[in-house]
Structure formats: C-alpha cells, structure tokens
$ cat model18.pdb   # PDB, C-alpha atoms
ATOM      1  CA  MET A   3      44.451 -67.771  32.922
ATOM      2  CA  ILE A   4      42.420 -70.557  31.327
ATOM      3  CA  LYS A   5      38.877 -71.053  32.534
ATOM      4  CA  LEU A   6      36.310 -73.618  31.411
ATOM      5  CA  GLN A   7      32.534 -73.182  31.616
ATOM      6  CA  ILE A   8      30.074 -75.912  30.741
ATOM      7  CA  ILE A   9      26.318 -76.311  30.751
ATOM      8  CA  GLY A  10      25.262 -79.897  30.302
ATOM      9  CA  ASN A  11      23.617 -82.958  31.759
ATOM     10  CA  LEU A  12      25.099 -85.295  34.323
ATOM     11  CA  GLY A  13      25.936 -88.675  32.829
ATOM     12  CA  LYS A  14      25.563 -90.537  36.135
ATOM     13  CA  ASP A  15      25.008 -89.862  39.819
ATOM     14  CA  CYS A  16      27.937 -88.131  41.507
ATOM     15  CA  ILE A  17      30.395 -89.989  43.715
ATOM     16  CA  VAL A  18      31.807 -88.493  46.918
ATOM     17  CA  LYS A  19      35.229 -89.621  48.109
ATOM     18  CA  GLU A  20      37.544 -88.542  50.868
ATOM     19  CA  VAL A  21      41.159 -88.031  49.786
ATOM     20  CA  ASN A  22      43.772 -87.006  52.359
ATOM     21  CA  GLY A  23      41.058 -85.670  54.670
ATOM     22  CA  GLN A  24      39.318 -83.611  51.955
ATOM     23  CA  ASN A  25      36.029 -84.341  50.200
ATOM     24  CA  VAL A  26      35.937 -84.558  46.416
ATOM     25  CA  ILE A  27      32.725 -84.834  44.424
ATOM     26  CA  ASN A  28      33.292 -86.586  41.090
ATOM     27  CA  PHE A  29      30.795 -86.428  38.233
ATOM     28  CA  SER A  30      30.711 -86.346  34.442
ATOM     29  CA  VAL A  31      28.920 -83.764  32.304
ATOM     30  CA  VAL A  32      27.979 -84.111  28.646
ATOM     31  CA  HIS A  33      27.425 -81.156  26.360
ATOM     32  CA  SER A  34      25.639 -82.004  23.116
ATOM     33  CA  GLU A  35      25.436 -79.803  20.073
ATOM     34  CA  ARG A  36      23.593 -80.287  16.815
ATOM     35  CA  TYR A  37      24.825 -78.889  13.532
ATOM     36  CA  LYS A  38      24.602 -79.442   9.799
ATOM     37  CA  ASP A  39      27.672 -80.527   7.848
ATOM     38  CA  LYS A  40      28.636 -79.176   4.404
ATOM     39  CA  GLN A  41      26.207 -81.572   2.730
ATOM     40  CA  GLY A  42      23.325 -80.375   4.938
ATOM     41  CA  VAL A  43      23.146 -83.597   6.961
ATOM     42  CA  GLN A  44      22.108 -83.118  10.589
ATOM     43  CA  LYS A  45      24.917 -84.223  12.944
ATOM     44  CA  GLU A  46      25.277 -84.368  16.692
ATOM     45  CA  ARG A  47      28.477 -84.078  18.670
ATOM     46  CA  ALA A  48      28.818 -84.875  22.368
ATOM     47  CA  THR A  49      31.682 -83.669  24.531
ATOM     48  CA  TRP A  50      32.190 -85.353  27.903
ATOM     49  CA  VAL A  51      33.942 -83.576  30.755
ATOM     50  CA  GLU A  52      35.059 -85.448  33.869
ATOM     51  CA  CYS A  53      34.697 -83.116  36.860
ATOM     52  CA  ALA A  54      36.250 -83.032  40.321
ATOM     53  CA  TYR A  55      34.835 -80.603  42.896
ATOM     54  CA  TRP A  56      37.048 -80.358  45.988
ATOM     55  CA  THR A  57      34.895 -78.926  48.754
ATOM     56  CA  ASP A  58      33.811 -79.299  52.354
ATOM     57  CA  LYS A  59      30.278 -78.269  51.359
ATOM     58  CA  THR A  60      28.693 -81.536  50.279
ATOM     59  CA  GLY A  61      25.085 -80.341  50.614
ATOM     60  CA  VAL A  62      24.779 -80.272  46.813
ATOM     61  CA  VAL A  63      25.400 -84.031  46.520
ATOM     62  CA  PRO A  64      21.721 -85.147  46.671
ATOM     63  CA  TYR A  65      20.969 -82.835  43.734
ATOM     64  CA  LEU A  66      23.748 -84.154  41.469
ATOM     65  CA  THR A  67      21.910 -87.079  39.928
ATOM     66  CA  LYS A  68      21.920 -88.539  36.434
ATOM     67  CA  GLY A  69      20.205 -86.346  33.855
ATOM     68  CA  LYS A  70      20.218 -83.097  35.883
ATOM     69  CA  THR A  71      21.329 -80.010  33.977
ATOM     70  CA  ILE A  72      24.128 -78.093  35.648
ATOM     71  CA  TYR A  73      26.442 -75.155  35.070
ATOM     72  CA  ALA A  74      30.023 -75.735  36.178
ATOM     73  CA  GLU A  75      33.027 -73.453  36.018
ATOM     74  CA  GLY A  76      36.644 -74.235  36.731
ATOM     75  CA  TYR A  77      40.059 -74.989  35.325
ATOM     76  CA  PRO A  78      40.597 -77.494  32.494
ATOM     77  CA  GLU A  79      43.011 -80.386  32.526
ATOM     78  CA  ALA A  80      43.645 -82.606  29.514
ATOM     79  CA  GLU A  81      45.163 -86.068  29.574
ATOM     80  CA  ALA A  82      46.436 -87.846  26.471
ATOM     81  CA  TYR A  83      46.576 -91.629  26.307
ATOM     82  CA  MET A  84      46.537 -94.566  23.892
ATOM     83  CA  ASN A  85      43.144 -96.284  23.665
ATOM     84  CA  LYS A  86      42.544-100.038  23.345
ATOM     85  CA  ASP A  87      42.915 -99.762  19.529
ATOM     86  CA  ASN A  88      46.364 -98.216  20.095
ATOM     87  CA  GLN A  89      45.227 -94.825  18.794
ATOM     88  CA  ALA A  90      45.856 -91.483  20.458
ATOM     89  CA  ALA A  91      42.935 -90.205  22.531
ATOM     90  CA  ALA A  92      42.382 -87.552  25.186
ATOM     91  CA  THR A  93      40.227 -86.963  28.246
ATOM     92  CA  LEU A  94      38.976 -83.512  29.208
ATOM     93  CA  ARG A  95      38.787 -82.924  32.946
ATOM     94  CA  MET A  96      37.791 -79.911  34.987
ATOM     95  CA  ARG A  97      38.705 -78.907  38.497
ATOM     96  CA  VAL A  98      35.404 -77.307  39.484
ATOM     97  CA  GLN A  99      35.258 -74.054  41.427
ATOM     98  CA  THR A 100      31.575 -73.154  40.937
ATOM     99  CA  ILE A 101      28.564 -75.341  40.351
ATOM    100  CA  GLN A 102      24.886 -74.492  39.944
ATOM    101  CA  LEU A 103      21.806 -76.516  39.169
ATOM    102  CA  VAL A 104      19.961 -74.936  36.266
ATOM    103  CA  GLY A 105      16.633 -75.235  34.581
ATOM    104  CA  GLY A 106      14.515 -78.034  35.910
ATOM    105  CA  VAL A 107      11.671 -77.761  38.310
ATOM    106  CA  GLY A 108      11.278 -80.652  40.720
ATOM    107  CA  GLU A 109       8.686 -83.305  40.034
ATOM    108  CA  GLY A 110       5.194 -82.291  41.075
ATOM    109  CA  GLN A 111       6.025 -78.577  41.226
ATOM    110  CA  GLN A 112       4.712 -76.014  38.796
ATOM    111  CA  GLN A 113       6.807 -73.209  37.359
ATOM    112  CA  GLN A 114       4.436 -70.439  38.495
ATOM    113  CA  ASN A 115       4.801 -71.584  42.124
ATOM    114  CA  ILE A 116       8.525 -71.004  41.918
ATOM    115  CA  SER A 117       8.883 -67.784  39.993
ATOM    116  CA  GLY A 118       5.543 -65.985  39.817
ATOM    117  CA  SER A 119       3.852 -66.518  43.142
ATOM    118  CA  SER A 120       4.318 -65.193  46.635
ATOM    119  CA  ASN A 121       3.925 -68.823  47.752
ATOM    120  CA  TYR A 122       7.629 -69.552  47.534
ATOM    121  CA  ASN A 123       8.365 -73.289  47.617
ATOM    122  CA  ALA A 124      11.940 -73.672  46.371
ATOM    123  CA  PRO A 125      14.404 -71.832  44.154
ATOM    124  CA  ALA A 126      14.442 -72.638  40.432
ATOM    125  CA  TYR A 127      18.170 -73.289  40.748
ATOM    126  CA  ILE A 128      20.251 -73.822  43.847
ATOM    127  CA  PRO A 129      23.852 -72.564  43.855
ATOM    128  CA  ALA A 130      26.115 -74.944  45.745
ATOM    129  CA  ALA A 131      27.281 -72.199  48.080
ATOM    130  CA  ASN A 132      23.701 -71.542  49.217
ATOM    131  CA  ILE A 133      22.802 -75.109  50.180
ATOM    132  CA  PRO A 134      23.047 -75.664  53.940
ATOM    133  CA  MET A 135      24.853 -78.824  55.068
ATOM    134  CA  ALA A 136      21.792 -80.358  56.738
ATOM    135  CA  SER A 137      19.049 -78.540  54.916
ATOM    136  CA  THR A 138      15.362 -79.143  54.889
ATOM    137  CA  ALA A 139      12.897 -77.779  52.384
ATOM    138  CA  ALA A 140      11.542 -75.408  55.024
ATOM    139  CA  SER A 141      14.948 -73.967  55.905
ATOM    140  CA  VAL A 142      15.905 -73.482  52.235
ATOM    141  CA  ALA A 143      12.579 -71.754  51.548
ATOM    142  CA  SER A 144      12.833 -69.521  54.627
ATOM    143  CA  ASP A 145      16.457 -68.567  53.819
ATOM    144  CA  ALA A 146      15.522 -67.668  50.254
ATOM    145  CA  ALA A 147      12.428 -65.748  51.397
ATOM    146  CA  ASP A 148      14.699 -63.537  53.544
ATOM    147  CA  ASP A 149      16.549 -62.456  50.386
ATOM    148  CA  LEU A 150      13.421 -61.234  48.595
ATOM    149  CA  PRO A 151      13.309 -57.445  48.132
ATOM    150  CA  PHE A 152       9.621 -57.133  49.058
TER     151      PHE A 152
END
$ encode --input "model18.pdb" --output "structure tokens"
Amino acid sequence: MIKLQIIGNLGKDCIVKEVNGQNVINFSVVHSERYKDKQGVQKERATWVECAYWTDKTGVVPYLTKGKTIYAEGYPEAEAYMNKDNQAAATLRMRVQTIQLVGGVGEGQQQQNISGSSNYNAPAYIPAANIPMASTAASVASDAADDLPF
C-alpha cells in the first residue's frame, strides 16, 4: 500500500464539480521546506499536490479557501508529461480520503476562547467528517460541547 500525507497551504479556493452524479472537491496544496545547501546558502523548495476529494459531504467546502493550512491523506498518483519547453515534467496528484483543517483560529477569535475556556465557541480544527451539511456556528458548538468529558 502507498499512502500520501501532506500538511500545507491551499493555493486557491477549492472547486466543487459533479462528475457522473458524484461530487468531487478539487484543490491544490503546497508544502514548502527550507534548507541549507552544501555551501550554506538558504534555499526553499515548494512541492505542489493537486488533490481530488470524492465525497457526498461537501460541508467542508466553505473552509477550503486560499491560504488555509490543511492536513490531507490519501493515495498518490503521478502523471508524466512534456512541458512547453519540450522537457520531461511530472504532476503529483492525490486522491484524498481524509482532510482536516489545522492550526488557524478564525478572525476575531482568541486562542484561549477555543482551547482554555469553558466558553466554547468553535473547534480549533474541524475534521471534514464532523461538519454537518447545513451547519451553523451554534450547531457545531453544541455538537462539540456534547463530546466534552466534563
């Protein structure tokens, strides 16, 4: 089995399409890494992954906007082609099985309201499987409050 996991930022807002009666959410993720080469010069390398998430649960779509940091897991697909300069190139694609929003707190919210207070506003990350189809902030907060152990 080959499995791909990536944590990175969305390069653009996602696009939802319907193909043969099924929904597919398409988005691109970039993972950047910084390193020093043998001469000690700081370098940066970016790897882009084109993602396709086939799902009926499209409640995550409003959260998949440019710049958001996500975790995605799935199966890799590579496609080789000749670029416009007639040189060999490749595209890395992933058929997504799991997606989660990570990190960021929404604008206007403070970290302590999310993780350290009994005043629970919203989760710090929202797994795609836990987002109701027609959710409101109140229903997400009340669902998450039911899961608290105290």
$ resolve_selection --input "model18.pdb" --expression "the PyMOL selection byres ((chain A and resi 92) around 8)" --output "list in words"
Ala80, Glu81, Ala82, Tyr83, Ala90, Ala91, Thr93 and Leu94 of chain A
$ write_last_selection --input "model18.pdb" --atoms "C-alpha atoms" --output "CSV table (one decimal), in the frame of the given file"
chain,number,residue,atom,x,y,z
A,80,ALA,CA,43.6,-82.6,29.5
A,81,GLU,CA,45.2,-86.1,29.6
A,82,ALA,CA,46.4,-87.8,26.5
A,83,TYR,CA,46.6,-91.6,26.3
A,90,ALA,CA,45.9,-91.5,20.5
A,91,ALA,CA,42.9,-90.2,22.5
A,93,THR,CA,40.2,-87.0,28.2
A,94,LEU,CA,39.0,-83.5,29.2
$ residues_around --input "model18.pdb" --residues "Ile101 in chain A" --least-positions-apart "4" --cutoff "12 Å" --atoms "only C-alpha atoms" --output "PyMOL selection string"
chain A and resi 6-10+27+29+31+53-57+59-63+65-66+71-76+96-97+127-133
$ atom_distance --input "model18.pdb" --atom1 "CA of Val32 in chain A" --atom2 "CA of Lys19 in chain A"
21.5 Å
$ atom_distance --input "model18.pdb" --atom1 "CA of Ile17 in chain A" --atom2 "CA of Glu46 in chain A"
28.1 Å
$ build_atoms --input "model18.pdb" --residues "range 19-30 of chain A" --atoms "all heavy atoms" --output "tab-separated table (two decimals), in the frame of the given file"
chain	number	residue	atom	x	y	z
A	19	LYS	N	34.11	-88.88	47.52
A	19	LYS	CA	35.23	-89.62	48.11
A	19	LYS	C	35.96	-88.71	49.07
A	19	LYS	O	35.90	-87.49	48.95
A	19	LYS	CB	36.21	-90.08	47.02
A	19	LYS	CG	35.64	-91.09	46.07
A	19	LYS	CD	36.68	-91.51	45.05
A	19	LYS	CE	36.09	-92.48	44.06
A	19	LYS	NZ	37.07	-92.87	43.04
A	20	GLU	N	36.68	-89.31	49.98
A	20	GLU	CA	37.54	-88.54	50.87
A	20	GLU	C	38.98	-88.89	50.50
A	20	GLU	O	39.37	-90.06	50.49
A	20	GLU	CB	37.27	-88.88	52.33
A	20	GLU	CG	38.05	-87.99	53.27
A	20	GLU	CD	37.69	-88.23	54.73
A	20	GLU	OE1	36.51	-88.43	55.02
A	20	GLU	OE2	38.63	-88.21	55.55
A	21	VAL	N	39.76	-87.85	50.17
A	21	VAL	CA	41.16	-88.03	49.79
A	21	VAL	C	42.01	-87.13	50.68
A	21	VAL	O	41.84	-85.91	50.68
A	21	VAL	CB	41.38	-87.67	48.29
A	21	VAL	CG1	42.85	-87.81	47.92
A	21	VAL	CG2	40.49	-88.51	47.40
A	22	ASN	N	42.89	-87.74	51.44
A	22	ASN	CA	43.77	-87.01	52.36
A	22	ASN	C	42.99	-86.04	53.25
A	22	ASN	O	43.38	-84.90	53.45
A	22	ASN	CB	44.85	-86.25	51.59
A	22	ASN	CG	45.79	-87.18	50.85
A	22	ASN	OD1	46.02	-88.31	51.29
A	22	ASN	ND2	46.31	-86.72	49.74
A	23	GLY	N	41.85	-86.48	53.76
A	23	GLY	CA	41.06	-85.67	54.67
A	23	GLY	C	40.17	-84.63	54.00
A	23	GLY	O	39.50	-83.86	54.68
A	24	GLN	N	40.16	-84.57	52.67
A	24	GLN	CA	39.32	-83.61	51.96
A	24	GLN	C	38.28	-84.36	51.13
A	24	GLN	O	38.56	-85.44	50.61
A	24	GLN	CB	40.14	-82.74	51.02
A	24	GLN	CG	41.04	-81.75	51.72
A	24	GLN	CD	41.72	-80.84	50.69
A	24	GLN	OE1	42.26	-81.32	49.70
A	24	GLN	NE2	41.68	-79.55	50.94
A	25	ASN	N	37.09	-83.75	51.02
A	25	ASN	CA	36.03	-84.34	50.20
A	25	ASN	C	36.19	-83.92	48.75
A	25	ASN	O	36.50	-82.77	48.47
A	25	ASN	CB	34.65	-83.88	50.68
A	25	ASN	CG	34.31	-84.44	52.03
A	25	ASN	OD1	34.63	-85.59	52.34
A	25	ASN	ND2	33.68	-83.64	52.87
A	26	VAL	N	35.96	-84.86	47.84
A	26	VAL	CA	35.94	-84.56	46.42
A	26	VAL	C	34.67	-85.19	45.84
A	26	VAL	O	34.35	-86.34	46.12
A	26	VAL	CB	37.20	-85.05	45.67
A	26	VAL	CG1	37.38	-86.55	45.77
A	26	VAL	CG2	37.18	-84.61	44.22
A	27	ILE	N	33.93	-84.37	45.09
A	27	ILE	CA	32.72	-84.83	44.42
A	27	ILE	C	33.09	-85.03	42.96
A	27	ILE	O	33.47	-84.09	42.28
A	27	ILE	CB	31.59	-83.80	44.57
A	27	ILE	CG1	31.32	-83.50	46.04
A	27	ILE	CG2	30.32	-84.31	43.87
A	27	ILE	CD1	30.38	-82.31	46.26
A	28	ASN	N	32.98	-86.26	42.48
A	28	ASN	CA	33.29	-86.59	41.09
A	28	ASN	C	32.01	-86.82	40.31
A	28	ASN	O	31.10	-87.51	40.78
A	28	ASN	CB	34.16	-87.84	41.00
A	28	ASN	CG	35.53	-87.61	41.59
A	28	ASN	OD1	36.21	-86.66	41.23
A	28	ASN	ND2	35.95	-88.49	42.48
A	29	PHE	N	31.94	-86.24	39.11
A	29	PHE	CA	30.80	-86.43	38.23
A	29	PHE	C	31.22	-86.15	36.81
A	29	PHE	O	32.28	-85.58	36.56
A	29	PHE	CB	29.62	-85.53	38.64
A	29	PHE	CG	29.96	-84.07	38.74
A	29	PHE	CD1	29.78	-83.21	37.67
A	29	PHE	CD2	30.46	-83.54	39.92
A	29	PHE	CE1	30.08	-81.87	37.76
A	29	PHE	CE2	30.76	-82.19	40.03
A	29	PHE	CZ	30.58	-81.36	38.94
A	30	SER	N	30.41	-86.60	35.85
A	30	SER	CA	30.71	-86.35	34.44
A	30	SER	C	29.55	-85.57	33.83
A	30	SER	O	28.39	-85.81	34.15
A	30	SER	CB	30.94	-87.65	33.69
A	30	SER	OG	29.82	-88.49	33.80
